[in-house]
file run.cif (mmCIF, C-alpha atoms and all ligand atoms)
data_protein
loop_
_atom_site.label_atom_id
_atom_site.label_comp_id
_atom_site.auth_asym_id
_atom_site.auth_seq_id
_atom_site.Cartn_x
_atom_site.Cartn_y
_atom_site.Cartn_z
CA ASP A 1318 0.00 0.00 0.00
CA THR A 1319 1.50 3.30 -1.09
CA SER A 1320 -0.95 5.62 0.66
CA HIS A 1321 0.63 5.23 4.07
CA GLY A 1322 3.82 6.57 5.58
CA PRO A 1323 5.48 9.89 4.87
CA ILE A 1324 5.02 11.66 1.55
CA LEU A 1325 8.69 12.61 1.44
CA TYR A 1326 11.70 11.12 3.08
CA LEU A 1327 15.16 12.56 2.49
CA GLU A 1328 17.95 10.29 3.62
CA ASP A 1329 21.56 11.40 3.99
CA ILE A 1330 21.47 13.71 1.00
CA CYS A 1331 24.79 15.30 0.01
CA VAL A 1332 25.31 17.84 -2.76
CA SER A 1333 28.58 19.56 -3.45
CA PHE A 1334 29.60 22.24 -5.90
CA ASP A 1335 33.32 22.18 -6.68
CA GLY A 1336 34.05 20.43 -3.41
CA PHE A 1337 31.86 22.80 -1.38
CA LYS A 1338 29.12 20.93 0.48
CA ALA A 1339 25.90 22.84 -0.14
CA ILE A 1340 23.87 19.95 1.32
CA ASN A 1341 25.59 17.91 3.97
CA ASN A 1342 23.88 14.71 5.16
CA LEU A 1343 20.40 16.14 5.08
CA ASN A 1344 17.64 14.04 6.64
CA MET A 1345 14.03 15.13 6.65
CA THR A 1346 10.58 13.57 6.72
CA ILE A 1347 7.38 15.24 5.57
CA GLU A 1348 4.12 13.57 6.50
CA ARG A 1349 1.12 13.31 4.18
CA GLY A 1350 -1.02 16.44 4.33
CA GLU A 1351 1.58 18.24 6.39
CA LEU A 1352 2.36 21.93 6.06
CA ARG A 1353 6.08 22.41 6.76
CA CYS A 1354 7.93 25.71 6.89
CA ILE A 1355 11.60 25.80 5.99
CA ILE A 1356 13.74 28.61 7.31
CA GLY A 1357 17.47 29.21 7.47
CA PRO A 1358 20.01 31.90 6.67
CA ASN A 1359 21.15 32.67 3.12
CA GLY A 1360 23.24 29.85 1.76
CA ALA A 1361 21.72 27.30 4.16
CA GLY A 1362 20.85 25.01 1.24
CA LYS A 1363 17.07 25.60 1.00
CA THR A 1364 17.04 26.13 -2.77
CA THR A 1365 19.44 23.25 -3.38
CA MET A 1366 17.20 20.97 -1.32
CA MET A 1367 14.17 21.89 -3.47
CA ASP A 1368 16.31 21.37 -6.58
CA VAL A 1369 17.08 17.84 -5.37
CA ILE A 1370 13.41 17.07 -4.66
CA THR A 1371 12.33 18.29 -8.10
CA GLY A 1372 15.18 16.60 -9.96
CA LYS A 1373 16.90 19.80 -11.03
CA THR A 1374 20.01 18.79 -9.12
CA ARG A 1375 21.23 15.24 -8.69
CA PRO A 1376 22.79 14.62 -5.27
CA ASP A 1377 26.24 13.05 -4.89
CA SER A 1378 24.76 10.58 -2.43
CA GLY A 1379 21.62 9.86 -0.46
CA LYS A 1380 18.05 9.04 -1.36
CA ALA A 1381 14.83 10.98 -1.64
CA PHE A 1382 11.72 8.86 -1.38
CA PHE A 1383 8.40 10.17 -2.57
CA GLY A 1384 5.63 8.05 -1.08
CA GLN A 1385 8.03 5.25 -0.18
CA VAL A 1386 8.31 3.77 -3.66
CA HIS A 1387 9.92 6.33 -5.86
CA ASP A 1388 13.53 7.33 -5.33
CA LEU A 1389 13.48 10.81 -6.83
CA THR A 1390 17.25 10.88 -7.19
CA ARG A 1391 16.89 8.39 -10.08
CA LEU A 1392 14.31 10.41 -11.99
CA VAL A 1393 14.39 13.47 -14.23
CA GLU A 1394 12.41 16.69 -13.70
CA THR A 1395 9.47 15.86 -15.97
CA GLU A 1396 9.04 12.41 -14.44
CA ILE A 1397 8.99 13.93 -10.96
CA ALA A 1398 6.43 16.55 -12.02
CA HIS A 1399 4.21 13.78 -13.41
CA LEU A 1400 4.48 11.87 -10.13
CA GLY A 1401 2.76 14.80 -8.44
CA ILE A 1402 5.31 17.28 -7.15
CA GLY A 1403 4.64 20.90 -8.05
CA ARG A 1404 7.00 23.78 -7.42
CA LYS A 1405 6.32 27.47 -7.44
CA PHE A 1406 9.33 29.69 -7.86
CA GLN A 1407 9.56 33.13 -6.32
CA LYS A 1408 8.84 35.06 -9.51
CA PRO A 1409 5.37 34.56 -10.95
CA THR A 1410 5.39 33.26 -14.52
CA VAL A 1411 1.82 33.49 -15.72
CA PHE A 1412 0.75 33.97 -19.34
CA GLU A 1413 0.18 37.72 -19.19
CA GLN A 1414 -1.68 37.95 -22.54
CA HIS A 1415 -4.23 35.39 -21.45
CA THR A 1416 -7.12 35.62 -19.03
CA VAL A 1417 -7.09 34.09 -15.57
CA PHE A 1418 -9.44 31.36 -16.78
CA GLU A 1419 -7.25 30.60 -19.80
CA ASN A 1420 -4.17 30.37 -17.60
CA LEU A 1421 -5.88 27.72 -15.49
CA GLU A 1422 -7.13 25.97 -18.61
CA LEU A 1423 -3.60 25.84 -20.04
CA ALA A 1424 -2.36 24.34 -16.79
CA LEU A 1425 -4.93 21.53 -16.79
CA LYS A 1426 -3.65 18.11 -16.07
CA THR A 1427 -3.84 16.21 -19.31
CA ASP A 1428 -2.60 13.05 -20.82
CA LYS A 1429 1.15 13.29 -21.34
CA SER A 1430 0.68 12.97 -25.10
CA VAL A 1431 -1.91 15.73 -25.39
CA LYS A 1432 -0.72 19.30 -24.94
CA PRO A 1433 -3.46 21.47 -23.47
CA THR A 1434 -4.66 24.16 -25.88
CA LEU A 1435 -7.39 26.74 -25.63
CA PHE A 1436 -9.31 25.10 -28.44
CA PHE A 1437 -10.02 21.95 -26.62
CA ARG A 1438 -13.42 21.39 -25.21
CA LEU A 1439 -13.52 21.31 -21.44
CA THR A 1440 -15.45 18.55 -19.73
CA GLY A 1441 -17.88 19.46 -16.97
CA GLU A 1442 -15.50 17.98 -14.49
CA GLN A 1443 -12.68 20.17 -15.73
CA ARG A 1444 -14.90 23.26 -15.52
CA ASP A 1445 -15.80 22.36 -11.95
CA HIS A 1446 -12.15 21.94 -11.13
CA ILE A 1447 -11.32 25.37 -12.55
CA ALA A 1448 -14.22 26.93 -10.61
CA GLN A 1449 -13.03 25.32 -7.42
CA VAL A 1450 -9.44 26.49 -7.95
CA LEU A 1451 -10.70 30.02 -8.71
CA ARG A 1452 -12.40 30.06 -5.31
CA THR A 1453 -9.33 28.71 -3.53
CA ILE A 1454 -7.01 31.33 -5.07
CA LYS A 1455 -9.51 34.10 -4.39
CA LEU A 1456 -9.89 35.09 -8.03
CA GLU A 1457 -13.53 34.14 -8.37
CA GLY A 1458 -15.14 36.87 -10.46
CA SER A 1459 -11.79 37.81 -12.02
CA GLU A 1460 -11.61 34.88 -14.41
CA HIS A 1461 -11.94 37.07 -17.50
CA ARG A 1462 -9.29 39.59 -16.52
CA LEU A 1463 -5.98 39.47 -18.33
CA ALA A 1464 -3.33 37.93 -16.11
CA GLY A 1465 -1.00 40.78 -17.05
CA ASN A 1466 -3.38 43.23 -15.34
CA LEU A 1467 -3.44 41.44 -11.99
CA SER A 1468 -1.61 42.74 -8.93
CA HIS A 1469 1.65 41.07 -7.93
CA GLY A 1470 -0.13 39.12 -5.22
CA GLN A 1471 -2.92 37.98 -7.54
CA LYS A 1472 -0.35 36.75 -10.06
CA GLN A 1473 1.26 34.68 -7.32
CA TRP A 1474 -2.12 33.19 -6.43
CA LEU A 1475 -2.85 32.47 -10.07
CA GLU A 1476 0.41 30.60 -10.32
CA ILE A 1477 -0.50 28.57 -7.25
CA GLY A 1478 -3.82 27.91 -9.01
CA MET A 1479 -1.96 26.67 -12.08
CA LEU A 1480 -0.08 24.26 -9.84
CA LEU A 1481 -3.36 23.09 -8.31
CA MET A 1482 -4.75 22.30 -11.76
CA GLN A 1483 -2.09 19.56 -11.89
CA GLU A 1484 -3.43 18.06 -8.64
CA PRO A 1485 0.00 17.69 -7.04
CA GLU A 1486 0.40 15.67 -3.86
CA LEU A 1487 3.37 17.73 -2.75
CA ILE A 1488 3.63 21.47 -3.33
CA LEU A 1489 6.86 23.41 -2.88
CA LEU A 1490 6.49 27.16 -2.44
CA ASP A 1491 9.52 29.42 -2.56
CA GLU A 1492 8.97 32.67 -0.62
CA PRO A 1493 5.28 32.93 -1.50
CA VAL A 1494 4.71 36.33 0.13
CA ALA A 1495 7.82 38.15 -1.07
CA GLY A 1496 6.80 41.60 -2.30
CA MET A 1497 3.19 41.28 -1.17
CA THR A 1498 1.15 43.90 0.65
CA ASP A 1499 0.04 43.09 4.21
CA ALA A 1500 -3.48 42.35 3.01
CA GLU A 1501 -2.18 40.03 0.28
CA THR A 1502 0.11 38.31 2.77
CA GLU A 1503 -2.84 37.67 5.07
CA ARG A 1504 -4.90 36.21 2.25
CA THR A 1505 -1.98 34.03 1.19
CA ALA A 1506 -1.82 32.57 4.68
CA GLU A 1507 -5.54 31.73 4.40
CA LEU A 1508 -4.96 30.18 0.99
CA ILE A 1509 -2.10 27.98 2.22
CA LEU A 1510 -4.05 26.89 5.29
CA GLU A 1511 -6.91 25.91 3.00
CA LEU A 1512 -4.56 23.61 1.07
CA GLU A 1513 -3.23 22.00 4.24
CA GLY A 1514 -4.47 18.43 4.58
CA LYS A 1515 -5.45 18.15 0.91
CA HIS A 1516 -1.84 18.45 -0.19
CA SER A 1517 1.52 18.18 1.52
CA ILE A 1518 3.19 21.58 1.41
CA MET A 1519 6.71 22.85 1.95
CA VAL A 1520 7.08 26.60 2.29
CA VAL A 1521 10.47 28.30 2.23
CA GLU A 1522 10.02 31.74 3.71
CA HIS A 1523 12.02 34.50 5.37
CA ASP A 1524 9.08 36.49 6.68
CA MET A 1525 8.89 35.29 10.28
CA ASP A 1526 5.62 37.06 11.03
CA PHE A 1527 4.07 35.24 8.10
CA ILE A 1528 5.52 31.92 9.21
CA GLY A 1529 4.09 32.56 12.67
CA THR A 1530 0.60 32.75 11.17
CA ILE A 1531 0.84 29.48 9.21
CA ALA A 1532 3.54 27.40 10.87
CA ARG A 1533 2.74 24.00 12.15
CA LYS A 1534 6.21 22.49 12.17
CA VAL A 1535 9.34 24.40 11.25
CA THR A 1536 12.69 23.11 10.01
CA CYS A 1537 15.69 25.40 10.23
CA LEU A 1538 18.46 24.51 7.80
CA CYS A 1539 22.03 25.69 8.21
CA ASP A 1540 25.19 24.68 6.35
CA GLY A 1541 23.26 22.09 4.39
CA SER A 1542 21.69 20.15 7.20
CA VAL A 1543 18.93 20.40 9.79
CA LEU A 1544 19.89 22.71 12.65
CA ALA A 1545 16.60 22.55 14.51
CA GLU A 1546 13.11 21.20 13.94
CA GLY A 1547 9.88 21.47 15.86
CA SER A 1548 7.17 23.96 16.68
CA MET A 1549 7.68 27.59 15.62
CA GLU A 1550 8.21 28.54 19.25
CA ALA A 1551 10.73 25.80 19.92
CA VAL A 1552 12.75 26.62 16.80
CA GLN A 1553 12.61 30.39 17.42
CA ASN A 1554 13.91 29.90 20.94
CA ASP A 1555 16.56 27.36 20.02
CA GLU A 1556 19.98 28.72 20.97
CA LYS A 1557 21.67 27.42 17.84
CA VAL A 1558 19.02 29.10 15.68
CA ILE A 1559 19.33 32.38 17.55
CA GLU A 1560 23.10 32.30 17.17
CA VAL A 1561 22.89 31.63 13.44
CA TYR A 1562 20.39 34.45 12.85
CA LEU A 1563 22.15 37.01 15.01
CA GLY A 1564 25.69 35.98 14.18
CA ARG A 1565 25.54 36.32 10.39
P1 LIG B 1 19.61 29.06 0.26
O1 LIG B 1 18.53 28.79 -0.73
O2 LIG B 1 19.31 28.52 1.62
O3 LIG B 1 19.99 30.51 0.33
P2 LIG B 1 21.30 27.64 -1.62
O4 LIG B 1 20.76 26.27 -1.71
O5 LIG B 1 20.97 28.59 -2.70
O6 LIG B 1 20.93 28.26 -0.20
O7 LIG B 1 22.88 27.57 -1.57
C1 LIG B 1 23.60 26.75 -0.66
C2 LIG B 1 25.08 26.95 -0.92
O8 LIG B 1 25.45 26.34 -2.14
C3 LIG B 1 25.49 28.41 -1.01
O9 LIG B 1 26.74 28.57 -0.37
C4 LIG B 1 25.58 28.63 -2.49
O10 LIG B 1 26.53 29.63 -2.79
C5 LIG B 1 26.02 27.29 -3.01
N1 LIG B 1 25.53 27.01 -4.37
C6 LIG B 1 24.24 26.84 -4.71
N2 LIG B 1 24.13 26.55 -6.02
C7 LIG B 1 25.40 26.54 -6.52
C8 LIG B 1 25.97 26.31 -7.82
N3 LIG B 1 25.21 26.01 -8.87
N4 LIG B 1 27.31 26.39 -7.93
C9 LIG B 1 28.08 26.66 -6.87
N5 LIG B 1 27.63 26.89 -5.63
C10 LIG B 1 26.30 26.83 -5.45
#

call {"tool": "encode", "arguments": {"input": "run.cif", "output": "structure tokens"}}
result
Amino acid sequence: DTSHGPILYLEDICVSFDGFKAINNLNMTIERGELRCIIGPNGAGKTTMMDVITGKTRPDSGKAFFGQVHDLTRLVETEIAHLGIGRKFQKPTVFEQHTVFENLELALKTDKSVKPTLFFRLTGEQRDHIAQVLRTIKLEGSEHRLAGNLSHGQKQWLEIGMLLMQEPELILLDEPVAGMTDAETERTAELILELEGKHSIMVVEHDMDFIGTIARKVTCLCDGSVLAEGSMEAVQNDEKVIEVYLGR
């Protein structure tokens, strides 16, 4: 049975660049439906870790199990995406010349052989899925607006919506509230909390106030491995974490 156990299990991952260990024996477990926040100073290895999970970077050693069966370190990026891991980078990359609805339509999960196009007839089920995603990303009523005319925050939500159209089991979000207004940040917290349970989510974020509003469990990375892990409070009060944040 593949529906039990953690969704992601990183085991002794090492990545080096020209002899420099960016990831150094990293071990981490993410449970199904969990919302995990990843913090850590610049250069801690957060991006490299996400690159390993998504197949962008192949580790020198170690394993990365997705749902117990698949060792991600043996797969390429497209295979990993098809398995159900979606990543949102910091910069939104929506199709600006298309409407919100069309962007979601273009992101629809389809058969690998069929590229989604705007000329293909949506099934009722697909329409329902788009409507549901529109509600989740708080763009209900804005479906006919051009994506290029959305605010920065709305573009970020639309991109999360495009990820959701793929029905990923695991979602990786890289600094989702960077550059957002306070109101947008608040709504993003609501959005992420709404996804919790339905998807497993990893959020890399520097904004501690934001993390405080969504954090369930926090992992602090430093020098390529886990420095501290636990509740937001426990990690924030951890002496090693305090030293790293004040000392650099
Ligand atoms: P973070 O995302 O936590 O800021 P990164 O994963 O980007 O950390 O980087 C971890 C370390 O690895 C840093 O010291 C960075 O300079 C180094 N690094 C990352 N990618 C490369 C690369 N392609 N070539 C050389 N060094 C790299």

call {"tool": "residues_around", "arguments": {"input": "run.cif", "residues": "Ser1378 of chain A", "least_positions_apart": "2", "cutoff": "12 Å", "atoms": "only C-alpha atoms", "output": "count of residues only"}}
result
20

call {"tool": "residues_near_ligand", "arguments": {"input": "run.cif", "ligand": "ligand LIG 1 (chain B)", "cutoff": "8 Å", "atoms": "only C-alpha atoms and all ligand atoms", "output": "PyMOL selection string"}}
result
chain A and resi 1333-1335+1337-1340+1356-1366+1538-1541

call {"tool": "atom_distance", "arguments": {"input": "run.cif", "atom1": "atom CA of Ser1542 of chain A", "atom2": "atom CA of Pro1493 of chain A"}}
result
22.5 Å

call {"tool": "atom_distance", "arguments": {"input": "run.cif", "atom1": "atom CA of Ala1545 of chain A", "atom2": "atom CA of Leu1563 of chain A"}}
result
15.5 Å

call {"tool": "axis_aligned_box", "arguments": {"input": "run.cif", "around": "segment 1409-1415 of chain A", "padding_each_side": "5 Å", "output": "lines of an AutoDock Vina configuration file"}}
result
center_x = 0.6
center_y = 35.6
center_z = -16.7
size_x = 19.6
size_y = 14.7
size_z = 21.6

call {"tool": "residues_around", "arguments": {"input": "run.cif", "residues": "Val1411 of chain A", "least_positions_apart": "6", "cutoff": "12 Å", "atoms": "all atoms listed in the file", "output": "list in words"}}
result
Lys1405, Val1417, Phe1418, Glu1419, Asn1420, Leu1421, Leu1423, Ala1424, Leu1463, Ala1464, Gly1465, Asn1466, Leu1467, Ser1468, His1469, Gln1471, Lys1472, Gln1473, Trp1474, Leu1475, Glu1476, Ile1477, Gly1478, Met1479 and Leu1480 of chain A

call {"tool": "closest_atom_pairs", "arguments": {"input": "run.cif", "of": "segment 1367-1411 of chain A", "to": "segment 1503-1520 of chain A", "cutoff": "12 Å", "atoms": "all atoms listed in the file", "output": "JSON lines"}}
result
{"residue": "A:Met1367", "atom": "CA", "partner": "A:Met1519", "partner_atom": "CA", "distance": 9.3}
{"residue": "A:Ile1370", "atom": "CA", "partner": "A:Met1519", "partner_atom": "CA", "distance": 11.0}
{"residue": "A:Phe1383", "atom": "CA", "partner": "A:Ser1517", "partner_atom": "CA", "distance": 11.3}
{"residue": "A:Gly1384", "atom": "CA", "partner": "A:Ser1517", "partner_atom": "CA", "distance": 11.2}
{"residue": "A:Gly1401", "atom": "CA", "partner": "A:His1516", "partner_atom": "CA", "distance": 10.1}
{"residue": "A:Ile1402", "atom": "CA", "partner": "A:Ser1517", "partner_atom": "CA", "distance": 9.5}
{"residue": "A:Gly1403", "atom": "CA", "partner": "A:Ile1518", "partner_atom": "CA", "distance": 9.6}
{"residue": "A:Arg1404", "atom": "CA", "partner": "A:Met1519", "partner_atom": "CA", "distance": 9.4}
{"residue": "A:Lys1405", "atom": "CA", "partner": "A:Val1520", "partner_atom": "CA", "distance": 9.8}
{"residue": "A:Phe1406", "atom": "CA", "partner": "A:Val1520", "partner_atom": "CA", "distance": 10.8}
{"residue": "A:Gln1407", "atom": "CA", "partner": "A:Val1520", "partner_atom": "CA", "distance": 11.1}

call {"tool": "atom_distance", "arguments": {"input": "run.cif", "atom1": "atom CA of Ser1548 of chain A", "atom2": "atom CA of Glu1351 of chain A"}}
result
13.0 Å

call {"tool": "residues_around", "arguments": {"input": "run.cif", "residues": "Cys1354 of chain A", "least_positions_apart": "3", "cutoff": "7 Å", "atoms": "only C-alpha atoms", "output": "list in words"}}
result
Met1519, Val1520, Val1521, Ala1532, Lys1534, Val1535 and Thr1536 of chain A

call {"tool": "write_last_selection", "arguments": {"input": "run.cif", "atoms": "C-alpha atoms", "output": "short mmCIF file (atom, residue, chain, number, x, y, z; two decimals), in the coordinates of the input"}}
result
data_model
loop_
_atom_site.label_atom_id
_atom_site.label_comp_id
_atom_site.auth_asym_id
_atom_site.auth_seq_id
_atom_site.Cartn_x
_atom_site.Cartn_y
_atom_site.Cartn_z
CA MET A 1519 6.71 22.85 1.95
CA VAL A 1520 7.08 26.60 2.29
CA VAL A 1521 10.47 28.30 2.23
CA ALA A 1532 3.54 27.40 10.87
CA LYS A 1534 6.21 22.49 12.17
CA VAL A 1535 9.34 24.40 11.25
CA THR A 1536 12.69 23.11 10.01
#

call {"tool": "closest_residue", "arguments": {"input": "run.cif", "among": "A:His1415, A:Arg1444, A:Arg1353, A:His1399", "to": "Gly1529 of chain A", "atoms": "all atoms listed in the file"}}
result
A:Arg1353

call {"tool": "closest_residue", "arguments": {"input": "run.cif", "among": "A:Pro1409, A:Leu1456, A:Leu1352, A:Gln1443", "to": "Val1494 of chain A", "atoms": "all atoms listed in the file"}}
result
A:Pro1409
